[in-house]
Each structure stands twice: as C-alpha cells, then as structure tokens.
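What follows is my_file-v6.cif (mmCIF, C-alpha atoms and all ligand atoms).
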data_start
loop_
_atom_site.label_atom_id
_atom_site.label_comp_id
_atom_site.auth_asym_id
_atom_site.auth_seq_id
_atom_site.Cartn_x
_atom_site.Cartn_y
_atom_site.Cartn_z
CA MET A 321 89.15 103.78 117.60
CA HIS A 322 88.29 104.71 114.04
CA MET A 323 90.67 103.69 111.27
CA LEU A 324 90.42 107.15 109.70
CA GLU A 325 89.48 110.26 111.57
CA VAL A 326 89.26 113.60 109.76
CA LYS A 327 88.91 116.42 112.27
CA ASP A 328 87.86 119.94 111.29
CA ILE A 329 89.94 120.22 108.12
CA HIS A 330 90.36 123.67 106.59
CA LYS A 331 92.12 124.37 103.30
CA SER A 332 92.48 127.56 101.26
CA TYR A 333 94.16 128.33 97.96
CA GLY A 334 95.14 131.98 98.32
CA ASP A 335 91.98 133.84 99.27
CA LEU A 336 89.72 130.98 98.23
CA GLU A 337 88.64 128.94 101.25
CA VAL A 338 87.79 125.55 99.76
CA LEU A 339 87.36 123.36 102.86
CA LYS A 340 85.64 125.07 105.76
CA GLY A 341 85.79 122.51 108.53
CA ILE A 342 85.37 118.92 107.35
CA SER A 343 85.00 116.16 109.93
CA PHE A 344 84.11 112.50 109.45
CA SER A 345 85.43 109.08 110.35
CA MET A 346 85.64 105.63 108.82
CA ASN A 347 86.07 102.15 110.26
CA LYS A 348 88.37 99.42 108.99
CA GLY A 349 87.23 97.98 105.66
CA GLU A 350 84.41 100.48 105.18
CA THR A 351 83.47 102.12 101.89
CA ALA A 352 82.47 105.78 101.98
CA VAL A 353 81.29 107.66 98.90
CA ILE A 354 81.68 111.43 98.61
CA ILE A 355 79.22 113.23 96.38
CA GLY A 356 78.80 116.88 95.53
CA THR A 357 78.81 119.33 92.65
CA SER A 358 81.97 120.15 90.78
CA GLY A 359 84.27 122.69 92.44
CA THR A 360 83.03 121.87 95.91
CA GLY A 361 86.37 120.64 97.24
CA LYS A 362 86.11 116.85 96.90
CA SER A 363 89.50 116.43 95.21
CA THR A 364 91.02 118.93 97.63
CA LEU A 365 89.80 116.81 100.53
CA LEU A 366 91.39 113.66 99.09
CA ARG A 367 94.65 115.54 98.54
CA CYS A 368 94.55 116.74 102.14
CA ILE A 369 94.10 113.17 103.35
CA ASN A 370 97.10 111.81 101.45
CA GLN A 371 99.05 114.97 102.37
CA LEU A 372 99.68 115.92 98.75
CA HIS A 373 98.28 119.31 99.83
CA PRO A 374 98.44 119.33 103.62
CA PRO A 375 95.48 121.05 105.32
CA ASP A 376 95.92 124.53 106.84
CA LYS A 377 94.10 123.54 109.98
CA GLY A 378 92.69 120.38 111.52
CA GLU A 379 94.02 116.88 112.02
CA ILE A 380 93.86 113.58 110.19
CA TRP A 381 94.40 110.38 112.13
CA LEU A 382 95.06 107.03 110.44
CA ASP A 383 95.24 103.87 112.55
CA GLY A 384 95.73 105.95 115.68
CA VAL A 385 98.56 108.06 114.22
CA ASN A 386 98.23 111.81 113.64
CA ILE A 387 99.43 111.97 110.03
CA THR A 388 99.11 115.76 109.96
CA ASP A 389 101.86 116.00 112.57
CA PRO A 390 104.75 117.74 110.75
CA LYS A 391 107.22 115.31 112.35
CA ILE A 392 105.64 112.28 110.68
CA ASP A 393 107.48 110.33 107.95
CA ILE A 394 105.10 111.14 105.11
CA ASN A 395 106.53 108.53 102.75
CA LYS A 396 105.67 105.83 105.24
CA ILE A 397 102.15 107.22 105.54
CA ARG A 398 101.68 107.38 101.77
CA GLN A 399 102.34 103.65 101.55
CA LYS A 400 99.25 103.17 103.68
CA ILE A 401 97.10 105.44 101.50
CA GLY A 402 96.53 104.30 97.92
CA PHE A 403 95.29 106.79 95.33
CA VAL A 404 93.38 106.07 92.12
CA PHE A 405 93.15 109.03 89.76
CA GLN A 406 90.49 110.03 87.26
CA GLU A 407 93.13 110.19 84.48
CA PHE A 408 94.87 106.93 85.55
CA ASN A 409 98.36 108.52 85.85
CA LEU A 410 100.13 105.40 84.56
CA PHE A 411 103.70 105.45 83.27
CA ASN A 412 103.15 105.16 79.52
CA HIS A 413 106.63 103.77 78.84
CA LEU A 414 106.14 100.87 81.25
CA THR A 415 104.08 97.68 80.87
CA ALA A 416 101.04 97.08 83.06
CA LEU A 417 103.19 94.71 85.10
CA ARG A 418 105.95 97.28 85.64
CA ASN A 419 103.43 100.00 86.45
CA VAL A 420 102.31 97.82 89.35
CA SER A 421 105.69 96.40 90.40
CA ILE A 422 107.86 99.50 90.28
CA GLY A 423 106.50 101.03 93.48
CA LEU A 424 107.12 97.79 95.32
CA GLU A 425 110.77 97.94 94.29
CA LYS A 426 111.35 101.66 94.78
CA VAL A 427 109.21 102.27 97.83
CA LYS A 428 109.01 98.93 99.61
CA GLY A 429 112.46 97.67 98.62
CA PHE A 430 111.25 94.39 97.11
CA THR A 431 113.57 92.56 94.69
CA LYS A 432 112.47 92.79 91.05
CA GLU A 433 111.40 89.14 91.11
CA LYS A 434 109.35 89.45 94.28
CA ALA A 435 107.78 92.73 93.10
CA GLU A 436 106.72 91.18 89.78
CA LYS A 437 105.27 88.13 91.49
CA LYS A 438 103.13 90.35 93.71
CA ALA A 439 102.21 92.56 90.73
CA ILE A 440 100.93 89.53 88.79
CA GLU A 441 98.74 88.60 91.76
CA GLU A 442 97.26 92.08 91.88
CA LEU A 443 96.68 92.14 88.10
CA LYS A 444 94.86 88.80 88.44
CA ARG A 445 92.71 90.33 91.15
CA VAL A 446 91.51 93.06 88.77
CA GLY A 447 91.05 90.62 85.85
CA LEU A 448 94.14 91.65 83.87
CA LYS A 449 96.49 88.67 84.10
CA ASP A 450 96.62 88.39 80.31
CA GLN A 451 97.43 92.08 79.82
CA ALA A 452 100.50 92.13 82.08
CA LYS A 453 102.96 92.64 79.24
CA GLN A 454 100.95 95.34 77.46
CA TYR A 455 101.68 99.05 77.54
CA PRO A 456 99.00 101.59 78.54
CA ALA A 457 98.50 102.62 74.90
CA GLN A 458 97.43 99.03 74.15
CA LEU A 459 94.82 99.00 76.90
CA SER A 460 91.26 100.35 77.03
CA GLY A 461 90.45 103.11 79.51
CA GLY A 462 88.75 100.59 81.78
CA GLN A 463 91.81 98.32 81.68
CA LYS A 464 94.10 101.27 82.41
CA GLN A 465 92.04 102.17 85.42
CA ARG A 466 92.15 98.58 86.64
CA VAL A 467 95.97 98.74 86.38
CA GLY A 468 95.72 101.89 88.51
CA ILE A 469 93.71 99.96 91.08
CA ALA A 470 96.15 97.02 91.01
CA ARG A 471 99.01 99.48 91.56
CA ALA A 472 97.25 100.92 94.61
CA LEU A 473 96.42 97.45 95.98
CA ALA A 474 100.00 96.22 95.58
CA MET A 475 101.16 98.46 98.41
CA ASP A 476 98.73 96.72 100.82
CA PRO A 477 97.24 100.06 101.83
CA THR A 478 95.00 100.68 104.83
CA ILE A 479 92.75 102.78 102.63
CA ILE A 480 92.44 103.62 98.93
CA LEU A 481 91.23 107.07 97.84
CA PHE A 482 89.47 107.12 94.46
CA ASP A 483 88.96 110.46 92.71
CA GLU A 484 86.18 110.03 90.14
CA PRO A 485 87.71 106.75 88.90
CA THR A 486 85.16 106.22 86.13
CA SER A 487 84.60 109.81 84.96
CA ALA A 488 87.09 109.56 82.08
CA LEU A 489 85.69 106.25 80.80
CA ASP A 490 83.30 105.45 77.99
CA PRO A 491 79.98 104.32 79.48
CA GLU A 492 80.42 100.69 78.41
CA LEU A 493 83.72 100.44 80.31
CA ILE A 494 82.50 101.84 83.61
CA GLY A 495 80.86 98.61 84.80
CA ASP A 496 84.08 96.55 84.81
CA VAL A 497 85.87 99.12 86.96
CA LEU A 498 82.95 99.41 89.38
CA ASP A 499 82.76 95.60 89.61
CA VAL A 500 86.44 95.44 90.59
CA MET A 501 85.88 98.13 93.20
CA LYS A 502 82.85 96.28 94.50
CA SER A 503 84.93 93.11 94.85
CA LEU A 504 87.30 95.01 97.14
CA ALA A 505 84.59 96.19 99.52
CA HIS A 506 85.25 95.05 103.11
CA LYS A 507 88.76 93.88 102.13
CA VAL A 508 90.25 97.36 102.04
CA ALA A 509 88.75 100.66 103.12
CA MET A 510 87.75 102.86 100.18
CA LEU A 511 86.93 106.56 100.10
CA VAL A 512 85.42 107.19 96.69
CA VAL A 513 84.47 110.43 94.98
CA THR A 514 81.95 109.40 92.33
CA HIS A 515 78.70 110.30 90.63
CA GLU A 516 77.83 106.62 90.14
CA MET A 517 74.72 106.36 92.26
CA GLY A 518 74.26 102.62 91.67
CA PHE A 519 77.66 102.04 93.26
CA ALA A 520 76.88 104.47 96.09
CA ARG A 521 73.56 102.78 96.79
CA ASN A 522 74.81 99.19 96.62
CA VAL A 523 78.36 99.33 97.94
CA ALA A 524 78.79 102.33 100.22
CA ASP A 525 78.46 101.98 103.97
CA GLU A 526 78.28 105.76 104.21
CA ILE A 527 77.49 108.57 101.78
CA ILE A 528 78.95 112.01 102.43
CA PHE A 529 77.32 114.95 100.64
CA MET A 530 79.63 117.98 100.38
CA GLU A 531 78.71 121.45 99.27
CA GLY A 532 80.32 124.84 99.73
CA GLY A 533 83.29 123.41 101.61
CA VAL A 534 81.27 121.65 104.31
CA ILE A 535 79.51 118.32 104.74
CA VAL A 536 75.82 119.08 104.34
CA GLU A 537 74.73 115.59 105.39
CA SER A 538 76.11 112.08 105.69
CA GLY A 539 74.62 108.71 106.47
CA PRO A 540 74.06 105.18 105.20
CA PRO A 541 72.66 104.99 101.64
CA LYS A 542 69.21 103.95 102.80
CA GLN A 543 68.85 107.03 104.95
CA MET A 544 70.39 109.38 102.39
CA PHE A 545 68.26 108.14 99.49
CA GLN A 546 64.99 107.40 101.27
CA ASN A 547 64.92 109.72 104.22
CA PRO A 548 67.38 112.60 103.90
CA LYS A 549 67.23 115.17 106.69
CA LYS A 550 68.13 118.15 104.54
CA ALA A 551 66.06 119.42 101.64
CA ARG A 552 69.29 120.13 99.75
CA THR A 553 70.40 116.49 100.00
CA LYS A 554 67.10 115.32 98.58
CA GLU A 555 67.32 117.81 95.73
CA PHE A 556 70.91 116.90 94.84
CA LEU A 557 70.37 113.14 95.03
CA GLY A 558 67.22 113.39 92.97
CA ARG A 559 69.02 115.26 90.22
CA ILE A 560 72.18 113.14 90.22
CA SER A 561 70.25 109.85 90.36
CA THR A 562 68.43 110.80 87.18
CA LEU A 563 71.76 111.32 85.45
CA TYR A 564 73.85 108.52 86.97
CA GLY A 565 71.34 106.25 88.64
CA LYS A 566 71.90 102.97 86.80
CA ASP A 567 72.60 100.02 89.13
N1 LIG B 601 95.94 123.77 93.24
C1 LIG B 601 94.94 124.68 93.26
N2 LIG B 601 95.20 126.01 93.25
C2 LIG B 601 94.21 126.91 93.27
N3 LIG B 601 92.90 126.59 93.32
C3 LIG B 601 92.57 125.30 93.35
C4 LIG B 601 93.58 124.27 93.31
N4 LIG B 601 92.95 123.06 93.35
C5 LIG B 601 91.63 123.33 93.39
N5 LIG B 601 91.39 124.66 93.40
C6 LIG B 601 90.06 125.30 93.47
O1 LIG B 601 89.42 124.79 94.62
C7 LIG B 601 88.04 124.57 94.37
C8 LIG B 601 87.70 123.13 94.67
O2 LIG B 601 88.34 122.32 93.71
P1 LIG B 601 88.30 120.73 93.76
O3 LIG B 601 88.74 120.27 95.08
O4 LIG B 601 89.04 120.26 92.58
O5 LIG B 601 86.72 120.46 93.61
P2 LIG B 601 85.94 119.15 93.16
O6 LIG B 601 86.90 118.01 93.16
O7 LIG B 601 84.82 119.01 94.14
O8 LIG B 601 85.40 119.44 91.78
C9 LIG B 601 87.79 125.00 92.95
O9 LIG B 601 87.30 126.33 92.97
C10 LIG B 601 89.16 124.94 92.32
O10 LIG B 601 89.28 125.86 91.27
MG MG B 602 87.51 116.74 91.68
#

Could I get this structure in the form of structure tokens?
Amino acid sequence: MHMLEVKDIHKSYGDLEVLKGISFSMNKGETAVIIGTSGTGKSTLLRCINQLHPPDKGEIWLDGVNITDPKIDINKIRQKIGFVFQEFNLFNHLTALRNVSIGLEKVKGFTKEKAEKKAIEELKRVGLKDQAKQYPAQLSGGQKQRVGIARALAMDPTIILFDEPTSALDPELIGDVLDVMKSLAHKVAMLVVTHEMGFARNVADEIIFMEGGVIVESGPPKQMFQNPKKARTKEFLGRISTLYGKD
C-alpha cells in the first residue's frame, strides 16, 4: 500500500480546467519534487491534496484512508499533512516559538508547557534554537521559512507539502532552507514544488513534470535528467537547469 495515492484528480476554477487527471503515488518517507512552468497547476494540486480546495473529481488516499470522502474529519487529516508556503504565512505578532507551539495547543490540545517544549525541539532541528524568542520581523527570510518548516514538523505529519519554499528568498539564504529540507529526507515524506534543480537531483526519489494540467513524465532523477522519454521533459529540464542548476 502506498502512503499517498492521488487518483485521477480533476480541478476547475469556473471554466478553467486546471488539473486534467493527475495520478501518482508516494511511499513512506519518500521525497517527490514537482516541476513545471508557472500557471500549470502545481499549487492547485497541493491545495487539492490538503483539501484546501477539494478536487472536483478523483480520489486521494493517505495511509489507506480516502481523504476525499466527504464524510472524513478534515481537521484530523490536516494534522497529518503539513504545508510550507512560499510566503511563510507566519503570525507576525507571535514569536518564533509561539508560531510553532500554538498549533500544538489549539489543534492537538497540548498544554502550553508541553507545546513549547516540543516547539523548542523542532526549532533546534531547523537550527533556530537561539531565535525562539524573536518575532518574524527580526528574522531573515531563510529563518522565517525554517520557522515555517518547524511549525509543520511539530504536528508530526505523515507528509509535508512545500509550495516553492525558497522562491521568495534572497539567493544567499536559499541554501540553509534546502539543507534543512535535505536533513528531513527519509524521516518524513515531502512533496516539494521547486525550481531548485540541485535539490531535485540530489534529494528527490521521484521527479514529476507537470504541464497543461497533466503529468507529462515522472521518474527518478537519474532517468529524468539523463534519459527522459519525452522530448518536452528534456527541453524543460535543460532550460530550468541552466537557470536553477546549482548543487
Ligand atoms: N483560486 C483560484 N481561482 C481562480 N483561478 C485560479 C485560482 N487559483 C489558481 N487559479 C488559476 O489556475 C491556474 C493554475 O494556477 P496554480 O495552481 O497557481 O499554478 P502554478 O502553481 O503551477 O503556478 C492559473 O491559471 C491560475 O490563474
Ligand atoms: Mg504555484
């Protein structure tokens, strides 16, 4: 049984059909990277998976449970699916520590003390122990994003979805965030939308190339980079690697 199974997902906004039948699966602890040009439906797919925008058609199974079943307790499911946003989405009036601990209190029902203890552990894990008492405005973009990752990790999710986690960062701050993500590989499953080809090449178990609302091709990095089956995959990877190819 796959940990995540996405089966023939369709999603439209009004007359615009964005996802035209997306199917793929992931195993426990795997990292999959989604690539594709802007406007191709990558963010929409992530939002379908965490049910922020439920799909119009198709099913998503997580740990053997059909999470697209309307009868499911979606709040319970969301605890299993972490989300890391391009724009961080931190609470600016809360410290790094509280940004991480508050969900544990409100969603998981931890006491404040227990939530903060766990939050400190997660901040340590992303290299931010010393910044626990700082507010987002006092942190760099890379630090803010690492708080976002700590917040996702704190819920002990089955999978974390990352939507272009380094796209809003200055180039010199991208490496720290990618290093933290790399350190999580095989500990938690990650589904990552990114243009960072070094990360895709070195960390991903699977690369999924989306275009026009469908998956054009997917496979392990070696196959995708060295021996793609579709001419379009080769063309896209060639172009994107020139722009974002640093290891
Ligand atoms: N909430 C929405 N309402 C209407 N159209 C949307 C909405 N979200 C995304 N779209 C449209 O769906 C298409 C895919 O968007 P998106 O999933 O954000 O692509 P990507 O993340 O690959 O850049 C785009 O044409 C976008 O304008
Ligand atoms: Mg997007």

Mind running chain A against ligand MG 602 (chain B) at 10 Å and telling me each contacting residue's nearest atom pair with the distance in Å (one decimal), counting all atoms listed in the file, chain and number ascending, as a tab-separated table?
residue	atom	partner	partner_atom	distance
A:Gly356	CA	B:MG602	MG	9.5
A:Thr357	CA	B:MG602	MG	9.1
A:Ser358	CA	B:MG602	MG	6.6
A:Gly359	CA	B:MG602	MG	6.8
A:Thr360	CA	B:MG602	MG	8.0
A:Gly361	CA	B:MG602	MG	6.9
A:Lys362	CA	B:MG602	MG	5.4
A:Ser363	CA	B:MG602	MG	4.1
A:Thr364	CA	B:MG602	MG	7.2
A:Leu365	CA	B:MG602	MG	9.1
A:Leu366	CA	B:MG602	MG	8.9
A:Arg367	CA	B:MG602	MG	10.0
A:Phe405	CA	B:MG602	MG	9.7
A:Gln406	CA	B:MG602	MG	8.6
A:Asp483	CA	B:MG602	MG	6.5
A:Glu484	CA	B:MG602	MG	7.0
A:Val513	CA	B:MG602	MG	7.7
A:Thr514	CA	B:MG602	MG	9.2

Please produce, as a Markdown table, a per-residue contact table for region 348-370 of chain A versus region 495-511 of chain A (criterion: any atom at most 9 Å away, all atoms listed in the file considered), showing the nearest atom pair and its distance in Å to one decimal, sorted by chain then residue number.
| residue | atom | partner | partner_atom | distance |
| --- | --- | --- | --- | --- |
| A:Lys348 | CA | A:Ala509 | CA | 6.0 |
| A:Gly349 | CA | A:Ala509 | CA | 4.0 |
| A:Glu350 | CA | A:Ala509 | CA | 4.8 |
| A:Thr351 | CA | A:Met510 | CA | 4.7 |
| A:Ala352 | CA | A:Leu511 | CA | 4.9 |
| A:Val353 | CA | A:Leu511 | CA | 5.9 |
| A:Ile354 | CA | A:Leu511 | CA | 7.3 |
| A:Leu366 | CA | A:Leu511 | CA | 8.4 |

- Pick out the residues sitting within 9 Å of Ile422 (chain A), and hand them over as a PyMOL selection string; count only C-alpha atoms, and ignore anything fewer than 2 positions along from it in its own chain. chain A and resi 417-420+424-427+432+435-436+439+471

Please determine an axis-aligned box that encloses all atoms of region 405-413 of chain A listed in the file, with 8 Å added on each side, and express its centre and edge lengths in Å to one decimal as lines of an AutoDock Vina configuration file.
center_x = 98.6
center_y = 107.0
center_z = 84.3
size_x = 32.1
size_y = 22.4
size_z = 26.9

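The smallest atom-to-atom distance between ligand LIG 601 (chain B) and any of A:Leu489, A:Ile329, A:Leu339, A:Leu473, using all atoms listed in the file, is found for A:Leu339.
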
- Message: So, with all atoms listed in the file as the atoms that count, which of A:Ser487, A:Ser561, A:Asn386, A:Asn547 lies closest to ligand LIG 601 (chain B)?
- Response: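 Among A:Ser487, A:Ser561, A:Asn386, A:Asn547, it is A:Ser487 that comes nearest to ligand LIG 601 (chain B).
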
- In terms of the shortest atom-to-atom distance over all atoms listed in the file, which of A:Met321, A:Leu493, A:Ile535, A:Ala470 is closest to Lys438 (chain A)?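 Ranked by minimum distance to Lys438 (chain A), first place goes to A:Ala470.
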
Dig up all the protein and nucleic acid residues within 12 Å of (109.9, 102.0, 78.8) in the file frame, using all atoms listed in the file, and format them as a short mmCIF file (atom, residue, chain, number, x, y, z; two decimals) with C-alpha atoms, in the frame of the given file.
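Wrote selection07.cif, looks like this:
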data_model
loop_
_atom_site.label_atom_id
_atom_site.label_comp_id
_atom_site.auth_asym_id
_atom_site.auth_seq_id
_atom_site.Cartn_x
_atom_site.Cartn_y
_atom_site.Cartn_z
CA LEU A 410 100.13 105.40 84.56
CA PHE A 411 103.70 105.45 83.27
CA ASN A 412 103.15 105.16 79.52
CA HIS A 413 106.63 103.77 78.84
CA LEU A 414 106.14 100.87 81.25
CA THR A 415 104.08 97.68 80.87
CA ALA A 416 101.04 97.08 83.06
CA LEU A 417 103.19 94.71 85.10
CA ARG A 418 105.95 97.28 85.64
CA ASN A 419 103.43 100.00 86.45
CA ILE A 422 107.86 99.50 90.28
CA LYS A 453 102.96 92.64 79.24
CA GLN A 454 100.95 95.34 77.46
CA TYR A 455 101.68 99.05 77.54
CA PRO A 456 99.00 101.59 78.54
#

- Which residue of A:Ser332, A:Thr478, A:Ser421, A:Asn347 approaches Lys400 (chain A) most closely, using all atoms listed in the file: A:Thr478

- Pick the closest to ligand LIG 601 (chain B) from A:Ala452, A:Ala472, A:Leu481, A:Met530: which is it, counting only C-alpha atoms and all ligand atoms? A:Met530

- Task: Go through A:Gly334, A:Gly384, A:Pro374, A:Pro485 one by one, measure the shortest atom-to-atom distance of each to ligand LIG 601 (chain B) using only C-alpha atoms and all ligand atoms, and give the residue with the smallest value.
- Result: A:Gly334

- CA of Lys449 (chain A) to CA of Val523 (chain A): how many Å, to one decimal?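 Computed distance, CA of Lys449 (chain A) to CA of Val523 (chain A), equals 25.2 Å.
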
- Could you name the residues that touch region 444-446 of chain A at 8 Å or less, counting all atoms listed in the file, but leaving out those on the same chain fewer than 2 positions away, as a count of residues only? 10

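Going from CA of Lys377 (chain A) to CA of Lys391 (chain A) covers 15.7 Å.
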
- So what do you get for CA of Ile528 (chain A) versus CA of Lys464 (chain A), distance-wise?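 Those two atoms sit 27.3 Å apart.
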
- Contact residues around Asn409 (chain A) with only C-alpha atoms at 9 Å, ignoring same-chain residues under 5 positions, as a ChimeraX atom specification: /A:404,465,468

- Task: Quick one: everything within 8 Å of region 393-397 of chain A, counting all atoms listed in the file, minus sequence neighbours fewer than 3 positions away in the same chain. Send it as a PyMOL selection string.
- Result: chain A and resi 370-371+387+400-401
